[in-house]
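Notes follow the structure.
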Amino acid sequence: KVREKMQEGNWSFAKAVSEDIMCEPELGVVDMTAFVKVLEDIDFSGWAIVEQDMYPAPFEKPFPIAKRTREYLTRIGVD
């Protein structure tokens, strides 16, 4: 829903982030399971960074999200 509002309103990046356009990987539009499969198929063994832009973010908000994200990535096969 936020993405639809962003597209309809032609929001700036800053406005979109302030409206929580960024979400946890499990809730986003990218098929993360398929993405992990591609990484396996090409024998990728490097580092990857997962980030979720949040601004402003209350002090207590990022850690629980990072924890859930790590648990999700582990479930889908990211070591």
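Ordered as shown in the structure tokens, chains take letters A, B, and onward, while each chain numbers its residues from 1 and ligands are numbered from 1 in the order shown.
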When you look at region 3-17 of chain A with a cut-off of 9 Å (counting only C-alpha atoms), what residues show up, excluding the ones that are within fewer than 2 positions of it in the same chain? I need them as a ChimeraX atom specification. /A:1,19-22,53-56
From a DSSP pass on the backbone, collect the residues of region 28-64 of chain A flagged as alpha helix (DSSP H) and hand them back as a PyMOL selection string. chain A and resi 32-41+62-64
Same residues, N, CA, C and O atoms, saved as a tab-separated table (two decimals), in the first residue's frame:
chain	number	residue	atom	x	y	z
A	32	MET	N	13.11	-13.33	-2.25
A	32	MET	CA	14.41	-13.58	-1.65
A	32	MET	C	14.84	-15.04	-1.78
A	32	MET	O	16.02	-15.33	-1.92
A	33	THR	N	13.89	-15.97	-1.77
A	33	THR	CA	14.23	-17.38	-1.94
A	33	THR	C	14.83	-17.60	-3.32
A	33	THR	O	15.85	-18.30	-3.47
A	34	ALA	N	14.24	-17.00	-4.34
A	34	ALA	CA	14.78	-17.10	-5.70
A	34	ALA	C	16.14	-16.42	-5.80
A	34	ALA	O	17.05	-16.93	-6.47
A	35	PHE	N	16.30	-15.30	-5.11
A	35	PHE	CA	17.57	-14.58	-5.12
A	35	PHE	C	18.68	-15.44	-4.50
A	35	PHE	O	19.78	-15.54	-5.04
A	36	VAL	N	18.37	-16.08	-3.37
A	36	VAL	CA	19.35	-16.96	-2.72
A	36	VAL	C	19.70	-18.12	-3.65
A	36	VAL	O	20.85	-18.53	-3.75
A	37	LYS	N	18.71	-18.64	-4.37
A	37	LYS	CA	18.96	-19.73	-5.32
A	37	LYS	C	19.93	-19.29	-6.41
A	37	LYS	O	20.84	-20.03	-6.79
A	38	VAL	N	19.77	-18.08	-6.92
A	38	VAL	CA	20.69	-17.54	-7.93
A	38	VAL	C	22.11	-17.47	-7.35
A	38	VAL	O	23.08	-17.86	-8.02
A	39	LEU	N	22.23	-16.99	-6.14
A	39	LEU	CA	23.55	-16.92	-5.51
A	39	LEU	C	24.18	-18.31	-5.39
A	39	LEU	O	25.38	-18.47	-5.63
A	40	GLU	N	23.37	-19.29	-5.04
A	40	GLU	CA	23.87	-20.67	-4.97
A	40	GLU	C	24.27	-21.17	-6.35
A	40	GLU	O	25.31	-21.81	-6.52
A	41	ASP	N	23.45	-20.89	-7.36
A	41	ASP	CA	23.70	-21.34	-8.73
A	41	ASP	C	25.01	-20.80	-9.30
A	41	ASP	O	25.68	-21.47	-10.08
A	62	PRO	N	15.43	-0.50	15.25
A	62	PRO	CA	16.26	-1.29	14.34
A	62	PRO	C	16.65	-2.69	14.83
A	62	PRO	O	16.65	-3.63	14.04
A	63	PHE	N	16.98	-2.85	16.11
A	63	PHE	CA	17.49	-4.14	16.57
A	63	PHE	C	16.48	-5.28	16.38
A	63	PHE	O	16.84	-6.34	15.84
A	64	PRO	N	15.22	-5.14	16.79
A	64	PRO	CA	14.26	-6.24	16.57
A	64	PRO	C	14.09	-6.57	15.07
A	64	PRO	O	13.94	-7.73	14.71
Leaving out Tyr72 (chain A) and any residue of its chain fewer than 5 positions from it, which residues lie within 12 Å of it when counting only C-alpha atoms, given as a VMD selection string? chain A and resid 24 to 27 32 to 33 50 65 to 67 77 to 79
For the residues in that selection, give me C-alpha atoms as a PDB file, in the first residue's frame.
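Just written: part31.pdb:
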ATOM      1  CA  GLU A  24      11.981  -6.272   6.051  1.00  0.00           C
ATOM      2  CA  PRO A  25      13.137  -8.595   3.248  1.00  0.00           C
ATOM      3  CA  GLU A  26      10.468 -11.167   4.022  1.00  0.00           C
ATOM      4  CA  LEU A  27       7.756  -8.534   3.489  1.00  0.00           C
ATOM      5  CA  MET A  32      14.410 -13.584  -1.645  1.00  0.00           C
ATOM      6  CA  THR A  33      14.234 -17.381  -1.942  1.00  0.00           C
ATOM      7  CA  VAL A  50      21.122  -6.248   4.031  1.00  0.00           C
ATOM      8  CA  ILE A  65      14.047  -5.793  12.793  1.00  0.00           C
ATOM      9  CA  ALA A  66      17.670  -6.873  12.351  1.00  0.00           C
ATOM     10  CA  LYS A  67      17.030  -9.919  14.533  1.00  0.00           C
ATOM     11  CA  GLY A  77      19.445 -20.753   3.566  1.00  0.00           C
ATOM     12  CA  VAL A  78      21.708 -17.766   4.022  1.00  0.00           C
ATOM     13  CA  ASP A  79      24.609 -18.720   6.301  1.00  0.00           C
TER      14      ASP A  79
END
Work out how far CA of Thr69 (chain A) is from CA of Ile42 (chain A), in Å to one decimal.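 Straight-line distance from CA of Ile42 (chain A) to CA of Thr69 (chain A) works out to 23.3 Å.
For the atom pair formed by CA of Arg75 (chain A) and CA of Phe44 (chain A), the distance is 18.2 Å, given to one decimal.
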Report the distance between CA of Gly46 (chain A) and CA of Cys23 (chain A) in Å, rounded to one decimal place.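 Interatomic distance, CA of Gly46 (chain A) to CA of Cys23 (chain A): 23.8 Å.
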